[in-house]
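Asks: File follows, run29.txt with compact mmCIF, C-alpha atoms:
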```txt
# COMPACT_ATOMS: atom_id res chain seq x y z
CA MET A 1 145.74 59.61 94.98
CA SER A 2 144.17 61.56 92.14
CA TYR A 3 141.13 59.31 92.36
CA GLU A 4 140.62 60.21 96.05
CA ILE A 5 140.92 63.91 95.29
CA ASN A 6 138.42 63.61 92.49
CA GLN A 7 136.02 61.86 94.86
CA THR A 8 136.36 64.35 97.72
CA LEU A 9 136.06 67.52 95.61
CA PRO A 10 132.49 66.88 94.46
CA ARG A 11 131.48 66.13 98.06
CA SER A 12 133.00 69.36 99.34
CA PHE A 13 131.39 71.37 96.56
CA GLY A 14 128.10 69.68 97.35
CA ARG A 15 128.32 70.65 101.03
CA LEU A 16 129.24 74.21 100.03
CA LYS A 17 126.26 74.48 97.72
CA SER A 18 123.93 73.08 100.38
CA SER A 19 125.20 75.57 102.96
CA GLU A 20 124.76 78.40 100.45
CA SER A 21 121.23 77.23 99.73
CA ASN A 22 120.50 77.26 103.46
CA ILE A 23 121.94 80.74 103.93
CA SER A 24 120.40 82.36 100.87
CA PRO A 25 116.74 82.06 102.01
CA LEU A 26 117.66 83.53 105.40
CA ALA A 27 119.62 86.35 103.79
CA SER A 28 116.80 87.08 101.36
CA HIS A 29 114.32 87.09 104.24
CA VAL A 30 116.46 89.57 106.19
CA ARG A 31 116.85 91.75 103.11
CA GLY A 32 113.09 91.65 102.58
CA MET A 33 112.45 92.72 106.17
CA LEU A 34 114.93 95.57 105.90
CA ALA A 35 113.42 96.68 102.60
CA SER A 36 109.96 96.81 104.20
CA LEU A 37 111.01 98.40 107.49
CA LEU A 38 113.51 101.04 106.40
CA PRO A 39 111.15 103.12 104.24
CA ARG A 40 108.65 103.28 107.11
CA TYR A 41 110.86 103.39 110.21
CA GLY A 42 114.22 104.48 108.83
CA LEU A 43 113.82 108.12 109.84
CA LEU A 44 112.69 107.16 113.34
CA ILE A 45 115.61 104.77 113.77
CA GLY A 46 118.01 107.44 112.54
CA PHE A 47 116.56 109.95 115.03
CA LEU A 48 116.97 107.52 117.94
CA VAL A 49 120.52 106.67 116.92
CA LEU A 50 121.36 110.37 116.64
CA TRP A 51 119.89 110.98 120.11
CA GLN A 52 121.95 108.17 121.64
CA VAL A 53 125.20 109.17 119.94
CA SER A 54 124.85 112.91 120.53
CA SER A 55 124.10 112.38 124.22
CA THR A 56 126.87 109.87 124.91
CA ARG A 57 129.47 111.89 123.02
CA GLY A 58 128.51 115.16 124.69
CA TRP A 59 127.16 116.93 121.61
CA VAL A 60 124.13 117.82 123.74
CA ASN A 61 123.92 118.19 127.48
CA PRO A 62 123.29 114.66 128.85
CA ALA A 63 121.76 116.17 132.00
CA VAL A 64 118.97 117.60 129.83
CA PHE A 65 118.83 114.90 127.15
CA PRO A 66 119.99 111.63 128.75
CA PRO A 67 121.04 108.73 126.53
CA LEU A 68 118.28 106.37 125.52
CA ASN A 69 119.83 103.47 127.44
CA VAL A 70 119.65 105.55 130.66
CA ILE A 71 115.99 106.41 129.96
CA LEU A 72 115.10 102.79 129.24
CA SER A 73 116.94 101.71 132.38
CA ALA A 74 114.94 104.21 134.46
CA LEU A 75 111.72 102.98 132.85
CA TRP A 76 112.52 99.34 133.55
CA THR A 77 113.61 100.04 137.14
CA ASN A 78 110.42 101.95 137.99
CA LEU A 79 108.25 99.34 136.33
CA ALA A 80 110.03 96.48 138.08
CA ASN A 81 109.75 98.02 141.54
CA GLY A 82 106.10 98.94 140.95
CA ALA A 83 106.60 102.71 141.19
CA LEU A 84 104.89 103.36 137.84
CA LEU A 85 102.31 100.57 137.89
CA ASP A 86 99.85 102.46 140.09
CA ASP A 87 100.28 105.55 137.94
CA ILE A 88 99.58 103.55 134.79
CA ALA A 89 96.43 102.05 136.31
CA ILE A 90 95.10 105.43 137.47
CA SER A 91 95.89 107.13 134.16
CA LEU A 92 94.24 104.36 132.15
CA GLN A 93 91.20 104.53 134.40
CA ARG A 94 90.83 108.28 133.87
CA SER A 95 91.39 108.29 130.13
CA GLY A 96 89.44 105.05 129.61
CA THR A 97 86.39 106.34 131.49
CA ALA A 98 86.39 109.61 129.56
CA PHE A 99 86.88 107.79 126.26
CA ALA A 100 84.05 105.37 127.03
CA PHE A 101 81.64 108.23 127.80
CA ALA A 102 82.68 109.98 124.57
CA VAL A 103 81.97 106.82 122.57
CA VAL A 104 78.63 106.12 124.28
CA ILE A 105 77.40 109.68 123.72
CA GLY A 106 79.22 110.68 120.53
CA ILE A 107 78.38 107.75 118.25
CA PRO A 108 74.58 107.60 118.86
CA LEU A 109 74.30 111.39 118.70
CA GLY A 110 76.36 111.49 115.52
CA LEU A 111 74.25 108.77 113.89
CA PHE A 112 71.09 110.69 114.79
CA MET A 113 72.40 114.07 113.62
CA GLY A 114 73.74 112.60 110.41
CA GLN A 115 70.30 111.30 109.41
CA VAL A 116 68.07 114.12 110.64
CA ARG A 117 69.11 117.28 108.83
CA ALA A 118 66.97 119.60 110.97
CA VAL A 119 68.68 118.41 114.16
CA GLU A 120 72.10 118.84 112.59
CA GLN A 121 71.32 122.39 111.46
CA ALA A 122 70.08 123.28 114.94
CA LEU A 123 73.02 121.81 116.86
CA ASP A 124 75.89 122.41 114.43
CA PRO A 125 76.55 126.09 115.32
CA ILE A 126 76.88 125.45 119.05
CA LEU A 127 78.95 122.32 118.41
CA GLN A 128 81.31 124.28 116.19
CA LEU A 129 81.60 126.97 118.87
CA PHE A 130 82.47 124.46 121.58
CA ARG A 131 84.79 122.53 119.25
CA GLN A 132 86.84 125.63 118.53
CA THR A 133 87.19 126.36 122.25
CA SER A 134 90.21 124.61 123.72
CA ALA A 135 89.46 122.11 126.44
CA LEU A 136 92.50 123.38 128.34
CA ALA A 137 91.04 126.88 128.27
CA LEU A 138 87.85 125.52 129.81
CA TYR A 139 89.67 123.43 132.41
CA PRO A 140 89.62 126.23 135.05
CA VAL A 141 85.85 126.47 134.51
CA PHE A 142 85.48 122.73 135.02
CA ILE A 143 87.57 122.97 138.20
CA LEU A 144 85.34 125.76 139.54
CA LEU A 145 82.21 123.75 138.78
CA LEU A 146 83.39 120.25 139.65
CA GLY A 147 86.33 120.79 142.00
CA LEU A 148 89.88 119.47 141.80
CA GLY A 149 88.89 115.81 142.17
CA GLU A 150 88.54 113.04 139.64
CA THR A 151 85.35 114.43 138.11
CA SER A 152 86.95 117.52 136.61
CA LYS A 153 89.90 115.53 135.26
CA ILE A 154 87.65 112.98 133.59
CA PHE A 155 85.29 115.64 132.28
CA VAL A 156 87.99 117.72 130.59
CA ILE A 157 89.27 114.58 128.83
CA PHE A 158 85.71 113.65 127.88
CA TRP A 159 85.08 117.14 126.52
CA ALA A 160 88.12 116.97 124.25
CA THR A 161 87.50 113.41 123.07
CA LEU A 162 83.79 113.84 122.33
CA PHE A 163 84.11 116.01 119.25
CA PRO A 164 86.39 113.79 117.10
CA VAL A 165 84.01 110.86 117.57
CA LEU A 166 80.88 112.96 117.06
CA LEU A 167 82.03 114.80 113.94
CA ALA A 168 83.54 111.69 112.35
CA THR A 169 80.27 109.82 112.89
CA ILE A 170 78.22 112.63 111.35
CA SER A 171 80.56 112.77 108.38
CA GLY A 172 80.44 109.00 107.94
CA VAL A 173 76.63 108.96 107.87
CA LYS A 174 76.42 111.86 105.40
CA GLU A 175 78.93 110.25 103.05
CA VAL A 176 76.99 107.00 102.65
CA ASP A 177 76.31 106.35 98.98
CA LYS A 178 72.75 107.47 98.24
CA LYS A 179 72.44 104.85 95.53
CA LEU A 180 72.79 102.11 98.14
CA ILE A 181 69.96 103.61 100.16
CA GLU A 182 67.73 103.93 97.08
CA MET A 183 68.49 100.35 96.09
CA ALA A 184 67.54 99.12 99.57
CA ARG A 185 64.26 101.03 99.37
CA THR A 186 63.60 99.57 95.93
CA TYR A 187 63.84 96.09 97.42
CA GLY A 188 61.33 97.02 100.11
CA ALA A 189 63.65 97.70 103.07
CA GLY A 190 62.22 99.89 105.81
CA SER A 191 63.97 102.74 107.61
CA LEU A 192 65.22 100.51 110.42
CA ALA A 193 66.55 97.90 108.00
CA ILE A 194 68.26 100.57 105.89
CA PHE A 195 69.95 101.97 108.97
CA HIS A 196 71.04 98.56 110.22
CA ARG A 197 72.06 97.06 106.86
CA VAL A 198 73.34 100.08 104.91
CA ILE A 199 74.02 103.26 106.88
CA LEU A 200 75.66 101.80 109.97
CA PRO A 201 78.09 99.43 108.17
CA ALA A 202 79.08 102.14 105.68
CA SER A 203 79.75 104.59 108.51
CA VAL A 204 81.99 102.29 110.55
CA PRO A 205 85.31 103.17 108.80
CA ALA A 206 84.75 106.90 109.39
CA ILE A 207 83.73 106.22 112.98
CA PHE A 208 86.99 104.38 113.61
CA VAL A 209 88.93 107.34 112.27
CA GLY A 210 87.22 109.44 114.92
CA LEU A 211 87.89 106.81 117.58
CA ARG A 212 91.62 106.80 116.81
CA LEU A 213 91.77 110.60 116.96
CA SER A 214 89.78 110.55 120.17
CA ALA A 215 92.07 107.98 121.81
CA THR A 216 95.11 110.09 120.97
CA THR A 217 93.40 113.21 122.31
CA ALA A 218 92.50 111.40 125.53
CA LEU A 219 96.17 110.68 126.27
CA LEU A 220 97.23 114.22 125.37
CA LEU A 221 94.65 115.79 127.68
CA LEU A 222 95.49 113.25 130.37
CA ILE A 223 98.91 114.84 130.85
CA ALA A 224 97.46 118.32 131.32
CA ALA A 225 94.69 117.07 133.61
CA GLU A 226 97.14 115.22 135.87
CA MET A 227 99.53 118.14 136.09
CA ILE A 228 97.01 120.15 138.10
CA GLY A 229 95.78 118.97 141.49
CA ALA A 230 96.86 115.34 141.11
CA ASN A 231 99.19 113.19 143.18
CA LYS A 232 99.06 110.07 141.02
CA GLY A 233 99.21 109.33 137.33
CA ILE A 234 101.74 109.39 134.51
CA GLY A 235 101.23 113.10 133.89
CA PHE A 236 101.88 113.77 137.56
CA GLN A 237 105.07 111.71 137.36
CA VAL A 238 106.27 113.82 134.42
CA MET A 239 105.85 117.04 136.38
CA ASN A 240 107.12 115.58 139.65
CA ALA A 241 110.26 114.21 138.01
CA GLN A 242 110.87 117.56 136.33
CA TYR A 243 110.51 119.44 139.64
CA ASN A 244 112.96 117.05 141.32
CA PHE A 245 115.31 117.12 138.31
CA GLN A 246 114.91 113.39 137.73
CA ILE A 247 115.27 113.85 133.99
CA PRO A 248 115.63 110.13 133.03
CA LEU A 249 112.42 109.35 134.93
CA MET A 250 110.68 112.28 133.25
CA PHE A 251 111.60 111.00 129.80
CA ALA A 252 110.70 107.47 130.86
CA ALA A 253 107.16 108.62 131.77
CA ILE A 254 106.87 110.47 128.46
CA LEU A 255 108.06 107.36 126.62
CA LEU A 256 105.53 105.28 128.52
CA LEU A 257 102.73 107.61 127.37
CA ALA A 258 103.92 107.22 123.80
CA PHE A 259 103.85 103.42 124.13
CA LEU A 260 100.31 103.56 125.55
CA GLY A 261 99.20 105.74 122.64
CA LEU A 262 100.73 103.36 120.10
CA ALA A 263 99.10 100.39 121.82
CA ALA A 264 95.67 102.05 121.83
CA ASN A 265 95.98 102.97 118.16
CA ALA A 266 97.13 99.46 117.21
CA LEU A 267 94.21 97.93 119.13
CA LEU A 268 91.69 100.15 117.32
CA VAL A 269 93.28 99.41 113.94
CA LEU A 270 93.05 95.67 114.66
CA LEU A 271 89.41 96.01 115.71
CA GLN A 272 88.65 98.03 112.58
CA ARG A 273 90.19 95.35 110.36
CA ARG A 274 88.10 92.69 112.07
CA LEU A 275 84.85 94.65 111.74
CA CYS A 276 85.50 96.15 108.31
CA ARG A 277 87.00 93.28 106.35
CA TRP A 278 84.83 94.22 103.37
CA SER A 279 86.50 97.65 103.17
CA GLN A 280 90.08 96.31 103.12
CA PRO A 281 91.81 96.53 99.73
CA SER A 282 92.19 93.18 98.04
CA ARG A 283 95.75 91.98 97.44
```
Write out the structure in this file as structure tokens.
Replies:
Amino acid sequence: MSYEINQTLPRSFGRLKSSESNISPLASHVRGMLASLLPRYGLLIGFLVLWQVSSTRGWVNPAVFPPLNVILSALWTNLANGALLDDIAISLQRSGTAFAFAVVIGIPLGLFMGQVRAVEQALDPILQLFRQTSALALYPVFILLLGLGETSKIFVIFWATLFPVLLATISGVKEVDKKLIEMARTYGAGSLAIFHRVILPASVPAIFVGLRLSATTALLLLIAAEMIGANKGIGFQVMNAQYNFQIPLMFAAILLLAFLGLAANALLVLLQRRLCRWSQPSR
């Protein structure tokens, strides 16, 4: 009898140790994920939990601040039945067109102004004047000139998104290390080769900073542009839901805009990492 017990105990301890060895890597992996996520997203998670709890328990008026599960349910319902899909497509078309024009005009002009000092000195005062003038303040002027159609909406977004790209490009060109340019000239590189091999690659990180700011600005101005004289778009849905006191739908549209902004920023960050691998810190 004692022999059987002595034989079974080591087996049971062996199974226990093997199960602990299987659990410990998983537990350490979970702890590692929590340790990396909590410092970055802990405050956001706490805010969302506080929103949900305060709304469900009646600490705030749930008619004004619905619980997050109600907002997410409204978002899913309107996406599933296609009510928001057309608005997303129209909003992305407006902001995407304006952003594309800002990139096509802002980056070449910024590269040119950053290299030719006389052109920069001539254009900088008027650029600073227009940059300090709010695009929303000029929106009535754009409506008078271009009407209430798509052109004025796209143009006001373009106007606001142009300056972050333009100024970031100028700054990126001016901050290129002069020693790199002198070294390229020493090795016999011409002006075109210096621009293509030195100035443009060194300016790309600063240009992407401007692109990310511009993409965020495009979505912010999109809301204001669609709140006036529009019958489609996410910004229109925000105002329409507010007028009809459909508060969950209103917050759902706002949340959708936030998701689109995060997606655009993540896409630009990924593109920057692909194009600027040489500028990434080594680990």
Asks: If you take every atom of stretch 221-232 of chain A that the file lists and fit an axis-aligned box around them with 8 Å extra on each side, what centre and edge lengths come out in Å to one decimal, as lines of an AutoDock Vina configuration file?
Replies:
```
center_x = 97.1
center_y = 115.1
center_z = 135.4
size_x = 20.9
size_y = 26.1
size_z = 31.5
```
Asks: If I take atom CA of A:Leu146 and atom CA of A:Pro125, how far is one from the other in Å, to one decimal?
Replies: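 Taking atom CA of A:Leu146 and atom CA of A:Pro125, their separation equals 25.9 Å.
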Asks: Compare A:Val156, A:Ile234, A:Ile45, A:Leu167 by their minimum atom-to-atom distance to A:Gln128, counting only C-alpha atoms, and give me the closest one.
Replies: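 Among A:Val156, A:Ile234, A:Ile45, A:Leu167, it is A:Leu167 that comes nearest to A:Gln128.
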Asks: Mind pulling up the distance from atom CA of A:Phe99 to atom CA of A:Gly229?
Replies: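 Going from atom CA of A:Gly229 over to atom CA of A:Phe99 covers 20.9 Å.
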Asks: What's the 12 Å shell around A:Glu182, counting only C-alpha atoms, without same-chain residues fewer than 5 positions away, as a ChimeraX atom specification?
Replies: /A:176-177,187-191,194,198-199
Asks: Which residue out of A:Ala202, A:Leu84, A:Ile254, A:Leu249 has the minimum interatomic distance to A:Thr169 when only C-alpha atoms are used?
Replies: A:Ala202
Asks: Please provide the set of residues having any atom within 8 Å of stretch 69-72 of chain A, restricted to all atoms listed in the file, with same-chain residues fewer than 5 positions apart removed, written as a compact mmCIF listing (two decimals) with C-alpha atoms, in the frame of the given file.
Replies:
```txt
# COMPACT_ATOMS: atom_id res chain seq x y z
CA GLN A 52 121.95 108.17 121.64
CA PRO A 248 115.63 110.13 133.03
CA LEU A 249 112.42 109.35 134.93
CA PHE A 251 111.60 111.00 129.80
CA ALA A 252 110.70 107.47 130.86
```
Asks: What is the distance, in Å and to one decimal place, between atom CA of A:Gly114 and atom CA of A:Asn265?
Replies: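 Going from atom CA of A:Gly114 over to atom CA of A:Asn265 covers 25.4 Å.
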Asks: Which of these, A:Leu166, A:Ala215, A:Leu109, A:Arg94, has the shortest distance to A:Thr151 once you count all atoms listed in the file?
Replies: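 The answer is A:Arg94, which sits nearest to A:Thr151.
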Asks: Measuring atom to atom with all atoms listed in the file, identify which of A:Phe208, A:Phe236, A:Tyr243, A:Phe101 is nearest to A:Leu270.
Replies: A:Phe208
Asks: Kindly indicate which residue among A:Ser171, A:Ser91, A:Gln121, A:Ser134 lies nearest to A:Leu257, using only C-alpha atoms for the distances.
Replies: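 Once distances to A:Leu257 are computed over only C-alpha atoms, the minimum belongs to A:Ser91.
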Asks: Show which residues sit within 7 Å of A:Ala218, as a PyMOL selection string. Count only C-alpha atoms, and ignore same-chain residues fewer than 2 positions away.
Replies: chain A and resi 95+99+157+161+214-216+220-222
Asks: Using all atoms listed in the file, can you tell me which of A:Leu92, A:Ile228, A:Val103, A:Ala83 comes closest to A:Ser152?
Replies: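 Closest to A:Ser152 of all the choices is A:Ile228.
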Asks: Write out as a ChimeraX atom specification each polymer residue whose atoms come within 6 Å of stretch 237-241 of chain A, counting all atoms listed in the file; drop sequence neighbours fewer than 4 positions from it.
Replies: /A:245-246,250,253
